[in-house]
Amino acid sequence: MIGKPTWFKRRKYTGWGIYPKNWQGWTYIAGIVAIVALIQYIPLDFMGITGNSQIRTIATIVFCVIIVLDTIHIMARLPMDERDRIHEAIAERNALWAIMAALATGVGWQAATSALNNKVQIDPVIIVALVAGLIAKATTNIYLDKKN
Amino acid sequence: MKNHIAKLRKTANLTQEELAAQIGVTRQTIIALEQNRYNPSLGLAHAITKALKQSTIEKVFDLG
């Protein structure tokens, strides 16, 4: 892909993703900003191209998909020693617990208000998120039990 | 678990970065090890022992 893992470090304190750690990383970020700006402002009329806003939207979406895939590729190749892996595992577990607690609280609240209003008003996206977490955990444990 | 990594590293004339690069960990991990804030896995303990040119793990780590 485009970016190299040596240009970035993993975000630890400000969410998920990567952060540039040298001039090459910052140049990569500047390049992304420049390309997005170019897509938004490049004059297409003089080229006889019509439907500008749709073309710009499609081009922006395609570029964003490329950048997201490149970011995932960089993150997958970022080196982590055993201490980094342990710390990340614990931090991700705690983040998951916080998210699951918030989602479960939300579902509980919606269930309670549904019961009071005699009308089912539970957001299915929250249920899907909780079930997805459950499946991810079960699948991971099955994989690890077989592997080790 | 206490260790003698800092002393042995200085005897071997290695910086924390050089030792980290040799055994494939970050400098932060070497700092945590030297300050006895992190206990390495057996594999990492062996790698550290080898990098510091010691014959046994017991010379690097106080296992008692």
# chains A, B, ... in the order shown; residues from 1 in each chain; ligands from 1

call {"tool": "select_by_dssp", "arguments": {"residues": "chain A", "states": "strand (DSSP E or B)", "output": "VMD selection string"}}
result
chain A and resid 8 to 10 18 to 20

call {"tool": "write_last_selection", "arguments": {"atoms": "C-alpha atoms", "output": "PDB file, in the first residue's frame"}}
result
ATOM      1  CA  PHE A   8       3.555   6.055  12.442  1.00  0.00           C
ATOM      2  CA  LYS A   9       2.963   4.977  16.005  1.00  0.00           C
ATOM      3  CA  ARG A  10      -0.170   3.476  17.475  1.00  0.00           C
ATOM      4  CA  ILE A  18      -2.261   5.824  14.170  1.00  0.00           C
ATOM      5  CA  TYR A  19      -0.294   9.019  14.702  1.00  0.00           C
ATOM      6  CA  PRO A  20       2.631  10.307  12.593  1.00  0.00           C
TER       7      PRO A  20
END

call {"tool": "interface_residues", "arguments": {"of": "chain B", "to": "chain A", "cutoff": "10 Å", "atoms": "only C-alpha atoms", "output": "MDAnalysis selection string"}}
result
chainID B and resid 23:26 28:29 32 38:41 44

call {"tool": "write_last_selection", "arguments": {"atoms": "all heavy atoms", "output": "CSV table (one decimal), in the first residue's frame"}}
result
chain,number,residue,atom,x,y,z
B,23,ILE,N,17.1,-7.1,20.9
B,23,ILE,CA,16.2,-8.1,21.3
B,23,ILE,C,14.8,-7.9,20.8
B,23,ILE,O,13.9,-8.7,21.1
B,23,ILE,CB,16.2,-8.3,22.9
B,23,ILE,CG1,15.8,-7.0,23.5
B,23,ILE,CG2,17.5,-8.8,23.4
B,23,ILE,CD1,15.6,-7.1,25.1
B,24,GLY,N,14.6,-6.8,20.0
B,24,GLY,CA,13.3,-6.7,19.3
B,24,GLY,C,12.2,-6.1,20.2
B,24,GLY,O,11.0,-6.5,20.1
B,25,VAL,N,12.5,-5.3,21.2
B,25,VAL,CA,11.5,-4.6,22.0
B,25,VAL,C,11.7,-3.1,21.9
B,25,VAL,O,12.7,-2.6,21.3
B,25,VAL,CB,11.6,-5.1,23.5
B,25,VAL,CG1,11.3,-6.6,23.6
B,25,VAL,CG2,12.9,-4.7,24.1
B,26,THR,N,10.8,-2.4,22.5
B,26,THR,CA,10.9,-0.9,22.5
B,26,THR,C,11.8,-0.4,23.7
B,26,THR,O,12.0,-1.2,24.6
B,26,THR,CB,9.6,-0.2,22.7
B,26,THR,OG1,9.0,-0.7,23.9
B,26,THR,CG2,8.6,-0.6,21.6
B,28,GLN,N,11.0,1.7,25.8
B,28,GLN,CA,10.1,1.8,26.9
B,28,GLN,C,10.1,0.5,27.7
B,28,GLN,O,10.0,0.5,28.9
B,28,GLN,CB,8.7,2.2,26.5
B,28,GLN,CG,8.5,3.7,26.1
B,28,GLN,CD,9.2,4.0,24.8
B,28,GLN,OE1,9.3,3.2,23.9
B,28,GLN,NE2,9.6,5.2,24.7
B,29,THR,N,10.1,-0.6,27.0
B,29,THR,CA,10.1,-1.9,27.6
B,29,THR,C,11.4,-2.1,28.4
B,29,THR,O,11.4,-2.7,29.5
B,29,THR,CB,9.9,-3.0,26.6
B,29,THR,OG1,8.6,-2.9,26.0
B,29,THR,CG2,10.0,-4.4,27.2
B,32,ALA,N,11.2,-0.1,31.5
B,32,ALA,CA,10.3,-0.8,32.5
B,32,ALA,C,11.0,-2.0,33.1
B,32,ALA,O,10.8,-2.2,34.3
B,32,ALA,CB,9.0,-1.2,31.8
B,38,TYR,N,8.3,-4.5,35.1
B,38,TYR,CA,7.7,-5.4,34.2
B,38,TYR,C,8.5,-6.7,34.3
B,38,TYR,O,9.8,-6.7,34.3
B,38,TYR,CB,7.8,-4.9,32.7
B,38,TYR,CG,7.3,-5.9,31.7
B,38,TYR,CD1,6.0,-6.3,31.6
B,38,TYR,CD2,8.2,-6.4,30.7
B,38,TYR,CE1,5.6,-7.2,30.7
B,38,TYR,CE2,7.8,-7.3,29.8
B,38,TYR,CZ,6.5,-7.7,29.8
B,38,TYR,OH,6.1,-8.6,28.8
B,39,ASN,N,7.8,-7.9,34.4
B,39,ASN,CA,8.5,-9.2,34.4
B,39,ASN,C,8.4,-9.8,33.0
B,39,ASN,O,7.3,-10.0,32.5
B,39,ASN,CB,7.8,-10.1,35.4
B,39,ASN,CG,8.1,-9.7,36.8
B,39,ASN,OD1,9.1,-9.1,37.1
B,39,ASN,ND2,7.2,-10.0,37.7
B,40,PRO,N,9.5,-10.1,32.3
B,40,PRO,CA,9.5,-10.6,30.9
B,40,PRO,C,9.0,-12.0,30.9
B,40,PRO,O,9.0,-12.7,31.9
B,40,PRO,CB,10.9,-10.4,30.5
B,40,PRO,CG,11.7,-10.6,31.7
B,40,PRO,CD,10.9,-10.0,32.8
B,41,SER,N,8.6,-12.4,29.7
B,41,SER,CA,8.3,-13.8,29.4
B,41,SER,C,9.6,-14.6,29.4
B,41,SER,O,10.7,-14.0,29.4
B,41,SER,CB,7.6,-14.0,28.1
B,41,SER,OG,8.5,-13.6,27.1
B,44,LEU,N,11.7,-13.8,26.3
B,44,LEU,CA,12.3,-12.5,26.4
B,44,LEU,C,13.5,-12.5,27.4
B,44,LEU,O,14.5,-11.9,27.1
B,44,LEU,CB,11.3,-11.4,26.7
B,44,LEU,CG,11.8,-10.0,26.7
B,44,LEU,CD1,12.5,-9.6,25.4
B,44,LEU,CD2,10.7,-9.0,27.0

call {"tool": "atom_distance", "arguments": {"atom1": "atom CA of Asp145 of chain A", "atom2": "atom CA of Ala89 of chain A"}}
result
17.1 Å

call {"tool": "atom_distance", "arguments": {"atom1": "atom CA of Pro5 of chain A", "atom2": "atom CA of Arg77 of chain A"}}
result
6.1 Å

call {"tool": "select_by_dssp", "arguments": {"residues": "chain B", "states": "alpha helix (DSSP H)", "output": "PyMOL selection string"}}
result
chain B and resi 5-11+16-23+27-34+42-51

call {"tool": "residues_around", "arguments": {"residues": "His4 of chain B", "least_positions_apart": "5", "cutoff": "12 Å", "atoms": "only C-alpha atoms", "output": "list in words"}}
result
Arg9, Lys10, Thr11, Ile30, Leu33, Glu34, Gln35, Asn36, Ala45, Ile48, Thr49, Leu52, Gln54, Ile57, Glu58, Lys59, Val60, Phe61, Asp62 and Leu63 of chain B

call {"tool": "write_last_selection", "arguments": {"atoms": "C-alpha atoms", "output": "PDB file, in the first residue's frame"}}
result
ATOM      1  CA  ARG B   9      23.932  -3.332  30.056  1.00  0.00           C
ATOM      2  CA  LYS B  10      26.361  -0.618  31.115  1.00  0.00           C
ATOM      3  CA  THR B  11      29.109  -3.214  31.534  1.00  0.00           C
ATOM      4  CA  ILE B  30      13.837  -1.830  28.530  1.00  0.00           C
ATOM      5  CA  LEU B  33      12.476  -3.878  32.893  1.00  0.00           C
ATOM      6  CA  GLU B  34      15.356  -1.914  34.460  1.00  0.00           C
ATOM      7  CA  GLN B  35      12.970  -0.255  36.900  1.00  0.00           C
ATOM      8  CA  ASN B  36      11.549  -3.694  37.863  1.00  0.00           C
ATOM      9  CA  ALA B  45      14.340 -13.277  29.490  1.00  0.00           C
ATOM     10  CA  ILE B  48      18.029 -10.484  27.244  1.00  0.00           C
ATOM     11  CA  THR B  49      20.467 -12.946  28.836  1.00  0.00           C
ATOM     12  CA  LEU B  52      24.001  -9.232  27.683  1.00  0.00           C
ATOM     13  CA  GLN B  54      25.552 -13.928  30.321  1.00  0.00           C
ATOM     14  CA  ILE B  57      19.206 -16.332  33.308  1.00  0.00           C
ATOM     15  CA  GLU B  58      19.992 -16.373  37.070  1.00  0.00           C
ATOM     16  CA  LYS B  59      22.868 -13.962  36.428  1.00  0.00           C
ATOM     17  CA  VAL B  60      20.431 -11.423  35.015  1.00  0.00           C
ATOM     18  CA  PHE B  61      17.273 -12.041  37.060  1.00  0.00           C
ATOM     19  CA  ASP B  62      16.895 -12.728  40.787  1.00  0.00           C
ATOM     20  CA  LEU B  63      14.560 -15.716  40.669  1.00  0.00           C
TER      21      LEU B  63
END

call {"tool": "residues_around", "arguments": {"residues": "Trp109 of chain A", "least_positions_apart": "6", "cutoff": "12 Å", "atoms": "only C-alpha atoms", "output": "PDB file with C-alpha atoms, in the first residue's frame"}}
result
ATOM      1  CA  ALA A 102     -23.174   1.863  28.079  1.00  0.00           C
ATOM      2  CA  LEU A 103     -25.023  -0.225  25.465  1.00  0.00           C
ATOM      3  CA  ALA A 115     -42.800  -1.292  29.389  1.00  0.00           C
ATOM      4  CA  LEU A 116     -44.080   1.958  30.877  1.00  0.00           C
ATOM      5  CA  VAL A 120     -41.748  -1.703  22.115  1.00  0.00           C
ATOM      6  CA  GLN A 121     -39.171   1.029  21.512  1.00  0.00           C
ATOM      7  CA  ILE A 122     -35.801  -0.706  21.578  1.00  0.00           C
ATOM      8  CA  ASP A 123     -33.130   0.338  19.070  1.00  0.00           C
ATOM      9  CA  ILE A 126     -27.879  -1.612  20.060  1.00  0.00           C
TER      10      ILE A 126
END
